[in-house]
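Since the structure comes first, as structure tokens, the remarks are kept for the end.
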Amino acid sequence: MLSLQVNESELELMFREELSKKLKEIEHRHTFWDMDELMRQTNMSLPFIKEKFFYNENFPKFKVGRKWLFPAKETEEFLLNWLKQQARN
């Protein structure tokens, strides 16, 4: 006969740590966003993006050929800071 004892609190802690790691991986799956992904991630239209922050010198963007690319993490940080500034105005 086999007997198994499980420390439920330790098991739950391990589960939560692994879940947190996986969620972080999913959150930053893309290294770069293109314009379509930027619009999707922000739920904003292209005219709104261009009017509000695209031409801001601090907005992280790179033109590669004819395509604009945005570093995902930097862009997300910029957008969160930008939004906080908008709330103050």
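Chain lettering (A, B, ...) mirrors the order of the structure tokens, residue numbering begins at 1 for each chain separately, and ligand numbering begins at 1 in order of display.
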Determine, counting only C-alpha atoms, which protein, DNA and RNA residues have an atom within 7 Å of an atom of range 78-80 of chain A; residues of the same chain fewer than 4 positions away are not included. Present the result as a PDB file with N, CA, C and O atoms, in the first residue's frame.
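Generated file (selection39.pdb):
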ATOM      1  N   PHE A  59       8.071  58.996 -27.261  1.00  0.00           N
ATOM      2  CA  PHE A  59       7.374  57.774 -27.662  1.00  0.00           C
ATOM      3  C   PHE A  59       8.360  56.880 -28.415  1.00  0.00           C
ATOM      4  O   PHE A  59       8.932  57.276 -29.430  1.00  0.00           O
ATOM      5  N   GLU A  74       8.762  48.936 -23.633  1.00  0.00           N
ATOM      6  CA  GLU A  74       8.964  50.385 -23.561  1.00  0.00           C
ATOM      7  C   GLU A  74       7.698  51.137 -23.943  1.00  0.00           C
ATOM      8  O   GLU A  74       7.363  52.155 -23.341  1.00  0.00           O
ATOM      9  N   LYS A  84      -1.352  58.625 -17.335  1.00  0.00           N
ATOM     10  CA  LYS A  84      -1.358  59.300 -16.033  1.00  0.00           C
ATOM     11  C   LYS A  84      -1.229  60.808 -16.198  1.00  0.00           C
ATOM     12  O   LYS A  84      -1.876  61.566 -15.482  1.00  0.00           O
TER      13      LYS A  84
END
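Among the residues of chain A, backbone DSSP assigns strand (DSSP E) to Phe32, Trp33, Phe62, Lys63, Val64, Lys67, Trp68, Leu69, Phe70 and Pro71 of chain A.
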Range 62-72 of chain A surroundings by only C-alpha atoms, 10 Å radius, close-in-sequence under 3 positions cut, as a VMD selection string: chain A and resid 27 to 38 41 59 75 to 78
Those of range 10-81 of chain A in DSSP alpha helix (DSSP H), formatted as a count of residues only: 40
